[in-house]
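Listing of input_27.cif; format and content: mmCIF, C-alpha atoms.
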```cif
data_model
loop_
_atom_site.group_PDB
_atom_site.id
_atom_site.type_symbol
_atom_site.label_atom_id
_atom_site.label_comp_id
_atom_site.auth_asym_id
_atom_site.auth_seq_id
_atom_site.Cartn_x
_atom_site.Cartn_y
_atom_site.Cartn_z
ATOM 1 C CA MET A 233 130.074 86.451 152.326
ATOM 2 C CA LEU A 234 126.463 86.922 151.452
ATOM 3 C CA GLY A 235 125.721 86.498 147.740
ATOM 4 C CA GLU A 236 123.777 88.930 145.620
ATOM 5 C CA LEU A 237 120.151 88.945 146.703
ATOM 6 C CA PRO A 238 117.228 88.971 144.271
ATOM 7 C CA ARG A 239 115.082 92.068 144.489
ATOM 8 C CA GLU A 240 111.459 90.952 144.846
ATOM 9 C CA LEU A 241 109.592 94.181 144.349
ATOM 10 C CA ALA A 242 105.862 94.282 144.843
ATOM 11 C CA GLU A 243 104.084 94.291 141.499
ATOM 12 C CA ASP A 244 100.509 95.196 140.721
ATOM 13 C CA ASN A 245 99.316 94.336 137.238
ATOM 14 C CA PHE A 246 96.023 96.154 137.706
ATOM 15 C CA TRP A 247 97.279 99.322 136.029
ATOM 16 C CA VAL A 248 98.942 97.579 133.058
ATOM 17 C CA LYS A 249 95.995 95.525 131.890
ATOM 18 C CA LEU A 250 94.669 98.404 129.771
ATOM 19 C CA PRO A 251 96.623 99.611 126.713
ATOM 20 C CA PRO A 252 98.423 102.914 127.447
ATOM 21 C CA PRO A 253 96.409 104.935 124.873
ATOM 22 C CA LEU A 254 93.139 103.714 126.373
ATOM 23 C CA LEU A 255 94.341 104.443 129.898
ATOM 24 C CA SER A 256 95.373 107.970 128.869
ATOM 25 C CA MET A 257 92.007 108.577 127.235
ATOM 26 C CA ILE A 258 90.217 107.408 130.378
ATOM 27 C CA VAL A 259 92.275 109.755 132.557
ATOM 28 C CA PHE A 260 91.739 112.746 130.258
ATOM 29 C CA GLY A 261 88.072 111.862 129.900
ATOM 30 C CA LEU A 262 87.622 111.809 133.671
ATOM 31 C CA ALA A 263 89.452 115.114 134.049
ATOM 32 C CA PHE A 264 87.238 116.673 131.360
ATOM 33 C CA CYS A 265 84.070 115.351 133.029
ATOM 34 C CA PHE A 266 85.123 116.533 136.497
ATOM 35 C CA ALA A 267 86.029 119.975 135.146
ATOM 36 C CA GLY A 268 82.635 120.136 133.469
ATOM 37 C CA LEU A 269 80.824 119.170 136.658
ATOM 38 C CA LEU A 270 82.669 121.857 138.621
ATOM 39 C CA GLY A 271 81.417 124.451 136.145
ATOM 40 C CA VAL A 272 77.746 123.416 135.992
ATOM 41 C CA ALA A 273 75.449 126.396 136.630
ATOM 42 C CA GLY A 274 78.410 128.548 137.578
ATOM 43 C CA SER A 275 76.971 131.854 136.464
ATOM 44 C CA ASP A 276 74.640 133.757 138.763
ATOM 45 C CA GLY A 277 72.872 135.295 135.787
ATOM 46 C CA THR A 278 74.650 138.647 135.678
ATOM 47 C CA ALA A 279 76.704 139.854 132.723
ATOM 48 C CA VAL A 280 79.842 140.015 134.868
ATOM 49 C CA SER A 281 79.376 136.437 136.031
ATOM 50 C CA ASP A 282 78.652 135.205 132.510
ATOM 51 C CA ALA A 283 81.881 136.754 131.258
ATOM 52 C CA PHE A 284 83.915 135.446 134.176
ATOM 53 C CA VAL A 285 82.814 131.791 133.992
ATOM 54 C CA LYS A 286 83.653 131.817 130.274
ATOM 55 C CA GLY A 287 87.063 133.371 130.849
ATOM 56 C CA VAL A 288 90.471 131.743 131.028
ATOM 57 C CA PRO A 289 91.186 132.067 134.797
ATOM 58 C CA TRP A 290 88.006 130.229 135.816
ATOM 59 C CA THR A 291 88.570 127.624 133.099
ATOM 60 C CA VAL A 292 92.103 127.099 134.410
ATOM 61 C CA TRP A 293 90.806 126.483 137.927
ATOM 62 C CA ARG A 294 88.231 124.014 136.645
ATOM 63 C CA ALA A 295 90.933 122.175 134.676
ATOM 64 C CA VAL A 296 93.337 122.082 137.643
ATOM 65 C CA ALA A 297 90.602 121.047 140.073
ATOM 66 C CA GLY A 298 89.340 118.398 137.632
ATOM 67 C CA ALA A 299 92.855 116.993 137.323
ATOM 68 C CA ALA A 300 93.123 117.022 141.126
ATOM 69 C CA LEU A 301 89.923 114.972 141.387
ATOM 70 C CA VAL A 302 91.360 112.434 138.947
ATOM 71 C CA VAL A 303 94.517 112.220 141.046
ATOM 72 C CA PHE A 304 92.441 111.683 144.185
ATOM 73 C CA ALA A 305 90.395 108.952 142.478
ATOM 74 C CA LEU A 306 93.470 107.083 141.202
ATOM 75 C CA LEU A 307 95.219 107.361 144.565
ATOM 76 C CA THR A 308 92.155 105.979 146.318
ATOM 77 C CA ALA A 309 91.970 103.038 143.906
ATOM 78 C CA GLN A 310 95.645 102.200 144.437
ATOM 79 C CA ALA A 311 95.348 102.475 148.224
ATOM 80 C CA VAL A 312 92.376 100.111 148.234
ATOM 81 C CA ARG A 313 94.384 97.569 146.240
ATOM 82 C CA ILE A 314 97.267 97.793 148.707
ATOM 83 C CA LEU A 315 94.886 97.203 151.604
ATOM 84 C CA GLN A 316 93.415 94.227 149.740
ATOM 85 C CA HIS A 317 96.861 92.641 149.152
ATOM 86 C CA PRO A 318 99.167 93.899 151.930
ATOM 87 C CA ASP A 319 101.328 90.766 151.741
ATOM 88 C CA ARG A 320 102.661 91.938 148.369
ATOM 89 C CA TRP A 321 104.127 94.938 150.153
ATOM 90 C CA GLY A 322 105.709 93.175 153.113
ATOM 91 C CA PHE A 323 103.162 93.768 155.863
ATOM 92 C CA TYR A 324 100.536 91.460 157.313
ATOM 93 C CA PRO A 325 98.037 93.421 159.456
ATOM 94 C CA PRO A 326 95.462 91.500 161.490
ATOM 95 C CA PRO A 327 91.922 92.159 160.186
ATOM 96 C CA ALA A 328 90.872 93.751 163.476
ATOM 97 C CA ARG A 329 93.790 96.190 163.369
ATOM 98 C CA ARG A 330 93.054 97.043 159.746
ATOM 99 C CA ARG A 331 89.450 97.931 160.598
ATOM 100 C CA ARG A 332 90.486 99.853 163.710
ATOM 101 C CA TYR A 333 93.083 101.963 161.915
ATOM 102 C CA LEU A 334 90.719 102.592 159.010
ATOM 103 C CA LEU A 335 88.105 103.837 161.462
ATOM 104 C CA CYS A 336 90.661 106.123 163.127
ATOM 105 C CA ALA A 337 91.662 107.568 159.749
ATOM 106 C CA ALA A 338 88.001 108.128 158.831
ATOM 107 C CA ILE A 339 87.356 109.876 162.155
ATOM 108 C CA SER A 340 90.366 112.127 161.525
ATOM 109 C CA ALA A 341 89.040 113.067 158.085
ATOM 110 C CA VAL A 342 85.558 113.735 159.481
ATOM 111 C CA ALA A 343 87.079 115.925 162.202
ATOM 112 C CA VAL A 344 88.960 117.996 159.612
ATOM 113 C CA ALA A 345 85.835 118.240 157.450
ATOM 114 C CA GLY A 346 83.794 119.302 160.467
ATOM 115 C CA TYR A 347 86.328 121.981 161.323
ATOM 116 C CA ARG A 348 86.169 123.299 157.760
ATOM 117 C CA ILE A 349 82.362 123.414 157.923
ATOM 118 C CA LEU A 350 82.315 125.232 161.269
ATOM 119 C CA PHE A 351 85.192 127.543 160.364
ATOM 120 C CA PRO A 352 85.123 127.868 156.567
ATOM 121 C CA GLY A 353 87.521 130.795 156.494
ATOM 122 C CA VAL A 354 87.474 133.565 153.900
ATOM 123 C CA VAL A 355 85.852 132.553 150.613
ATOM 124 C CA PRO A 356 87.263 134.399 147.572
ATOM 125 C CA ASP A 357 84.850 137.006 146.254
ATOM 126 C CA LEU A 358 84.278 135.655 142.761
ATOM 127 C CA PRO A 359 81.187 136.069 140.560
ATOM 128 C CA VAL A 360 80.480 132.336 140.694
ATOM 129 C CA GLN A 361 77.406 130.693 142.122
ATOM 130 C CA SER A 362 77.992 128.288 145.065
ATOM 131 C CA LEU A 363 81.756 128.848 144.968
ATOM 132 C CA GLN A 364 82.305 127.489 148.471
ATOM 133 C CA LEU A 365 80.466 124.290 147.562
ATOM 134 C CA ARG A 366 82.681 123.768 144.501
ATOM 135 C CA THR A 367 85.974 124.381 146.279
ATOM 136 C CA GLY A 368 84.807 122.441 149.326
ATOM 137 C CA ALA A 369 83.936 119.420 147.180
ATOM 138 C CA VAL A 370 87.516 119.283 145.873
ATOM 139 C CA LEU A 371 88.907 119.530 149.400
ATOM 140 C CA LEU A 372 86.511 116.858 150.659
ATOM 141 C CA CYS A 373 87.551 114.443 147.897
ATOM 142 C CA GLY A 374 91.183 115.026 148.837
ATOM 143 C CA MET A 375 90.486 114.187 152.475
ATOM 144 C CA LEU A 376 88.559 111.056 151.486
ATOM 145 C CA ALA A 377 91.513 109.945 149.350
ATOM 146 C CA ALA A 378 93.828 110.434 152.339
ATOM 147 C CA ILE A 379 91.876 108.008 154.551
ATOM 148 C CA PRO A 380 93.170 104.709 153.066
ATOM 149 C CA TRP A 381 96.701 106.070 152.675
ATOM 150 C CA LEU A 382 96.816 107.202 156.283
ATOM 151 C CA THR A 383 95.611 103.731 157.246
ATOM 152 C CA ILE A 384 98.406 102.126 155.205
ATOM 153 C CA VAL A 385 101.075 104.318 156.801
ATOM 154 C CA TRP A 386 99.851 103.452 160.301
ATOM 155 C CA LEU A 387 99.682 99.742 159.502
ATOM 156 C CA ALA A 388 103.158 99.743 157.965
ATOM 157 C CA HIS A 389 104.496 101.713 160.920
ATOM 158 C CA ALA A 390 103.064 99.153 163.339
ATOM 159 C CA GLU A 391 104.502 96.345 161.212
ATOM 160 C CA CYS A 392 107.983 97.882 161.304
ATOM 161 C CA ARG A 393 107.814 98.355 165.062
ATOM 162 C CA GLU A 394 106.831 94.734 165.630
ATOM 163 C CA LEU A 395 109.281 93.089 163.208
ATOM 164 C CA TRP A 396 111.240 90.365 164.988
ATOM 165 C CA GLN A 397 109.862 91.385 168.374
ATOM 166 C CA ARG A 398 107.717 88.264 168.730
ATOM 167 C CA ASP A 399 109.016 84.828 169.681
ATOM 168 C CA ASP A 400 107.412 83.305 166.576
ATOM 169 C CA ASP A 401 109.217 85.753 164.279
ATOM 170 C CA PRO A 402 112.944 85.184 164.906
ATOM 171 C CA LEU A 403 115.830 86.796 163.037
ATOM 172 C CA ASP A 404 116.652 83.845 160.824
ATOM 173 C CA GLU A 405 116.689 83.460 157.022
ATOM 174 C CA PRO A 406 118.378 86.850 156.432
ATOM 175 C CA GLN A 407 117.685 86.871 152.683
ATOM 176 C CA ALA A 408 113.933 86.592 153.245
ATOM 177 C CA HIS A 409 114.055 89.373 155.816
ATOM 178 C CA ILE A 410 116.034 91.635 153.497
ATOM 179 C CA ARG A 411 113.469 91.084 150.748
ATOM 180 C CA ARG A 412 110.686 91.903 153.194
ATOM 181 C CA LEU A 413 112.423 95.101 154.245
ATOM 182 C CA GLU A 414 112.871 95.997 150.585
ATOM 183 C CA ARG A 415 109.138 95.609 149.984
ATOM 184 C CA LEU A 416 108.410 97.768 153.029
ATOM 185 C CA TRP A 417 110.887 100.327 151.693
ATOM 186 C CA GLN A 418 109.061 100.353 148.383
ATOM 187 C CA LEU A 419 105.794 100.831 150.267
ATOM 188 C CA LEU A 420 107.331 103.797 152.078
ATOM 189 C CA ILE A 421 108.308 105.322 148.737
ATOM 190 C CA VAL A 422 104.812 104.754 147.343
ATOM 191 C CA CYS A 423 103.160 106.285 150.424
ATOM 192 C CA VAL A 424 105.331 109.390 150.352
ATOM 193 C CA GLY A 425 104.785 109.709 146.599
ATOM 194 C CA ALA A 426 101.024 109.345 147.004
ATOM 195 C CA PHE A 427 100.831 112.031 149.682
ATOM 196 C CA MET A 428 103.065 114.303 147.601
ATOM 197 C CA LEU A 429 100.788 113.924 144.574
ATOM 198 C CA GLY A 430 97.738 114.647 146.684
ATOM 199 C CA VAL A 431 99.358 117.681 148.258
ATOM 200 C CA ALA A 432 100.534 118.984 144.885
ATOM 201 C CA ALA A 433 97.013 118.640 143.483
ATOM 202 C CA ALA A 434 95.428 120.443 146.453
ATOM 203 C CA VAL A 435 98.006 123.254 146.488
ATOM 204 C CA ALA A 436 97.795 123.726 142.705
ATOM 205 C CA SER A 437 94.026 124.059 143.025
ATOM 206 C CA ALA A 438 94.459 126.707 145.729
ATOM 207 C CA GLY A 439 96.935 128.574 143.523
ATOM 208 C CA ALA A 440 94.539 128.436 140.581
ATOM 209 C CA ILE A 441 91.689 129.902 142.636
ATOM 210 C CA ARG A 442 94.010 132.703 143.706
ATOM 211 C CA GLY A 443 94.898 133.317 140.065
ATOM 212 C CA ALA A 444 91.187 133.588 139.253
ATOM 213 C CA PHE A 445 90.692 136.036 142.127
ATOM 214 C CA VAL A 446 93.613 138.246 141.037
ATOM 215 C CA SER A 447 92.246 138.224 137.487
ATOM 216 C CA ALA A 448 88.765 139.239 138.637
ATOM 217 C CA HIS A 449 89.992 141.839 141.149
ATOM 218 C CA PRO A 450 93.507 143.013 140.198
ATOM 219 C CA ASP A 451 93.235 145.966 142.571
ATOM 220 C CA ARG A 452 92.422 143.657 145.496
ATOM 221 C CA ALA A 453 95.280 141.156 145.139
ATOM 222 C CA ASP A 454 96.438 141.963 148.676
ATOM 223 C CA GLU A 455 93.235 140.386 150.027
ATOM 224 C CA PHE A 456 94.463 136.982 148.764
ATOM 225 C CA PRO A 457 98.268 137.266 149.085
ATOM 226 C CA PRO A 458 100.697 134.610 147.843
ATOM 227 C CA SER A 459 101.623 133.936 151.466
ATOM 228 C CA ASN A 460 98.233 132.263 151.950
ATOM 229 C CA VAL A 461 99.101 129.598 149.382
ATOM 230 C CA LEU A 462 102.618 129.285 150.818
ATOM 231 C CA LEU A 463 101.194 128.727 154.295
ATOM 232 C CA TYR A 464 98.852 126.134 152.785
ATOM 233 C CA GLY A 465 101.844 124.282 151.343
ATOM 234 C CA GLY A 466 103.776 124.650 154.582
ATOM 235 C CA MET A 467 100.909 123.120 156.529
ATOM 236 C CA PHE A 468 100.884 120.129 154.192
ATOM 237 C CA ALA A 469 104.682 119.827 154.422
ATOM 238 C CA LEU A 470 104.414 119.639 158.201
ATOM 239 C CA GLY A 471 101.658 117.041 157.897
ATOM 240 C CA LEU A 472 103.762 114.916 155.538
ATOM 241 C CA ALA A 473 106.701 115.052 157.944
ATOM 242 C CA VAL A 474 104.519 114.041 160.907
ATOM 243 C CA ILE A 475 103.005 111.144 158.962
ATOM 244 C CA GLY A 476 106.013 109.820 157.058
ATOM 245 C CA ILE A 477 109.085 110.325 159.251
ATOM 246 C CA PRO A 478 107.975 108.093 162.182
ATOM 247 C CA MET A 479 107.365 105.206 159.780
ATOM 248 C CA ALA A 480 110.768 105.784 158.149
ATOM 249 C CA VAL A 481 112.469 105.838 161.561
ATOM 250 C CA ALA A 482 110.745 102.582 162.610
ATOM 251 C CA TRP A 483 111.785 100.928 159.338
ATOM 252 C CA ARG A 484 115.360 102.139 159.761
ATOM 253 C CA ASN A 485 115.576 100.782 163.299
ATOM 254 C CA ARG A 486 114.526 97.319 162.140
ATOM 255 C CA ALA A 487 116.888 97.414 159.178
ATOM 256 C CA GLN A 488 119.759 98.369 161.486
ATOM 257 C CA GLN A 489 118.788 95.531 163.814
ATOM 258 C CA LEU A 490 119.015 93.100 160.903
ATOM 259 C CA VAL A 491 122.461 94.426 159.953
ATOM 260 C CA GLU A 492 123.672 93.938 163.527
ATOM 261 C CA HIS A 493 122.367 90.371 163.430
ATOM 262 C CA MET A 494 123.965 89.541 160.079
ATOM 263 C CA CYS A 495 127.274 91.299 160.769
ATOM 264 C CA PRO A 496 127.925 91.224 164.508
ATOM 265 C CA LEU A 497 131.057 92.811 165.829
ATOM 266 C CA PRO A 498 133.886 90.239 165.938
ATOM 267 C CA ALA A 499 134.630 88.782 169.363
ATOM 268 C CA SER A 500 138.085 90.331 169.248
ATOM 269 C CA GLY A 501 136.565 93.781 168.870
ATOM 270 C CA ARG A 502 138.769 94.401 165.823
ATOM 271 C CA PRO A 503 136.686 94.540 162.634
ATOM 272 C CA SER A 504 138.512 93.277 159.578
ATOM 273 C CA GLU A 505 138.444 94.878 156.141
ATOM 274 C CA GLU A 506 136.251 92.037 154.885
ATOM 275 C CA TRP A 507 133.796 92.617 157.759
ATOM 276 C CA LEU A 508 133.640 96.346 157.005
ATOM 277 C CA GLN A 509 133.009 95.741 153.295
ATOM 278 C CA GLU A 510 130.255 93.210 153.974
ATOM 279 C CA ARG A 511 128.560 95.462 156.514
ATOM 280 C CA HIS A 512 128.761 98.455 154.198
ATOM 281 C CA ARG A 513 127.314 96.410 151.331
ATOM 282 C CA ILE A 514 124.295 95.336 153.389
ATOM 283 C CA GLU A 515 123.795 98.885 154.715
ATOM 284 C CA HIS A 516 123.894 100.191 151.149
ATOM 285 C CA LEU A 517 121.399 97.557 150.055
ATOM 286 C CA LEU A 518 119.043 98.652 152.840
ATOM 287 C CA HIS A 519 119.632 102.394 152.249
ATOM 288 C CA LEU A 520 121.223 102.795 155.678
ATOM 289 C CA ASP A 521 124.281 104.583 154.325
ATOM 290 C CA ILE A 522 122.193 107.759 154.058
ATOM 291 C CA SER A 523 121.032 109.513 157.223
ATOM 292 C CA ILE A 524 117.328 110.024 157.770
ATOM 293 C CA LEU A 525 117.682 113.817 157.431
ATOM 294 C CA ARG A 526 119.576 113.530 154.124
ATOM 295 C CA ASN A 527 117.283 110.870 152.725
ATOM 296 C CA PRO A 528 115.611 111.984 149.460
ATOM 297 C CA LEU A 529 112.236 110.823 150.817
ATOM 298 C CA THR A 530 112.545 113.075 153.852
ATOM 299 C CA ILE A 531 113.710 116.024 151.767
ATOM 300 C CA LEU A 532 111.022 115.636 149.110
ATOM 301 C CA SER A 533 108.228 115.176 151.628
ATOM 302 C CA VAL A 534 109.072 118.579 153.127
ATOM 303 C CA ILE A 535 110.434 120.541 150.143
ATOM 304 C CA ALA A 536 108.030 119.428 147.388
ATOM 305 C CA PRO A 537 104.862 120.972 148.908
ATOM 306 C CA LEU A 538 106.731 124.246 149.453
ATOM 307 C CA ILE A 539 107.989 124.322 145.850
ATOM 308 C CA VAL A 540 104.531 123.570 144.442
ATOM 309 C CA SER A 541 102.900 126.179 146.678
ATOM 310 C CA ALA A 542 105.499 128.784 145.669
ATOM 311 C CA LEU A 543 104.864 128.142 141.973
ATOM 312 C CA ALA A 544 101.101 128.110 142.457
ATOM 313 C CA ALA A 545 101.213 131.330 144.467
ATOM 314 C CA PHE A 546 103.550 133.458 142.379
ATOM 315 C CA LEU A 547 103.015 132.324 138.768
ATOM 316 C CA PRO A 548 99.710 134.223 138.426
ATOM 317 C CA GLN A 549 101.397 137.328 139.830
ATOM 318 C CA VAL A 550 104.365 136.998 137.446
ATOM 319 C CA ALA A 551 102.025 136.439 134.514
ATOM 320 C CA GLY A 552 100.081 139.553 135.486
#
```

Here is the file; what I need is its structure written in the form of structure tokens.
Amino acid sequence: MLGELPRELAEDNFWVKLPPPLLSMIVFGLAFCFAGLLGVAGSDGTAVSDAFVKGVPWTVWRAVAGAALVVFALLTAQAVRILQHPDRWGFYPPPARRRRYLLCAAISAVAVAGYRILFPGVVPDLPVQSLQLRTGAVLLCGMLAAIPWLTIVWLAHAECRELWQRDDDPLDEPQAHIRRLERLWQLLIVCVGAFMLGVAAAVASAGAIRGAFVSAHPDRADEFPPSNVLLYGGMFALGLAVIGIPMAVAWRNRAQQLVEHMCPLPASGRPSEEWLQERHRIEHLLHLDISILRNPLTILSVIAPLIVSALAAFLPQVAG
């Protein structure tokens, strides 16, 4: 029987070089600076605008949007480090493929940005100067942060599809292959977590701007209904499913292939109790004992954006 396998998880010491208090102060300092920048010259000079930009609802949006910008910046930094050291995460993309996928992700982001410029939608009627520029800057930073992560997901997906499909990459040394699959599994978790954080930040910002609108125009709350924020979260949930599930399916197929190689069906066609226990142990180690639809990653990638959007949409209404 196969002995217990060491778990070689990808480690990145970049984030632990700084003392935790200093790291926290840097994060809060960046959030404070971003919130300040989003509020520069916010008043249009009228008394109503002066009172609004000094009020709590607008300050809350600036704080939430500033925190979102910090999240986007940290996610971008981590994605760049993964692309710089992909071998730590179990995938080895050719340089040409890395550049090609990065270009495709950038084109996708530019296309979305172009659509938003051509069809900006309804801008909340708030007494704030250049409101569309401020909200658009937050959205643009979120799309820029998504570019390297989308590239990573595509590269990892391609890696999973090609595992053991080449003649120079046979299914030998099962322990090494299990460790590689574990690193790819960790990468899948990190990717889903990164997209969830980005989505939560974007949806929370949308909910905060709705809260500011309801505060400024309580009699016009129907013009910016909670369903708008819910639809925003639903759109992101669909995007997460489209991006993450194909990679998870490709990884699962390769993991199942490895299990079949390590525990082939006995020639007699009668699996023994020892064979069943060994196969179950390897499937448990590779997370194959949970179906793709019941996997926590799949559930969270779809449910989390909806939960965040529901909270962001209805909390201002409950508070009112």

Using all atoms listed in the file, find each residue in region 284-337 of chain A having at least one atom no more than 7 Å away from region 424-441 of chain A; report its shortest atom-to-atom pair and that distance in Å (one decimal), rows by chain then rising number, as a tab-separated table.
```
residue	atom	partner	partner_atom	distance
A:Val292	CA	A:Ala440	CA	6.8
A:Trp293	CA	A:Ala440	CA	5.0
A:Val296	CA	A:Ser437	CA	5.8
A:Ala297	CA	A:Ser437	CA	5.4
A:Ala300	CA	A:Ala433	CA	4.8
A:Val303	CA	A:Gly430	CA	6.9
A:Phe304	CA	A:Gly430	CA	6.6
A:Leu307	CA	A:Ala426	CA	6.6
```

Which centre and which edge lengths, in Å to one decimal, describe the axis-aligned box that holds all listed atoms of region 374-381 of chain A after 6 Å is added on each side, as AutoDock Vina command-line options?
```
--center_x 92.6 --center_y 109.9 --center_z 151.7 --size_x 20.1 --size_y 22.3 --size_z 17.7
```

- prompt: What residues come out when you apply the PyMOL selection byres ((chain A and resi 455) around 10) to this file, written as a ChimeraX atom specification?
  reply: /A:354,356-357,442,445-446,449,451-454,456-458,460

field: Between CA of Ala377 (chain A) and CA of Ile339 (chain A) - distance in Å to one decimal
entry: 13.5 Å

task: Show which residues sit within 10 Å of region 365-369 of chain A, as a ChimeraX atom specification. Count only C-alpha atoms, and ignore same-chain residues fewer than 6 positions away.
output: /A:269-272,274,293-294,297,301,345,348-349,352,355,375,437-438,441

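Protein and nucleic acid residues near (83.0, 133.4, 137.4) are Gly274, Ser275, Asp276, Val280, Ser281, Asp282, Ala283, Phe284, Val285, Lys286, Gly287, Pro289, Trp290, Leu358, Pro359, Val360, Gln361, Leu363, Ala444 and Ala448 of chain A, the criterion being any atom at most 9 Å away using all atoms listed in the file.
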
message: Under the rule that all atoms listed in the file are counted, which of A:Trp381, A:Leu517, A:Ala341, A:Ile539 is the nearest residue to Leu462 (chain A)?
response: A:Ile539

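When CA of Val491 (chain A) is paired with CA of Gln509 (chain A), their separation reads 12.5 Å.
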
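The space between CA of Gln364 (chain A) and CA of Ser459 (chain A) spans 20.6 Å.
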
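With distances taken over all atoms listed in the file, A:Ile384 is the one residue among A:Cys265, A:Cys392, A:Ile384, A:Val474 lying closest to Arg313 (chain A).
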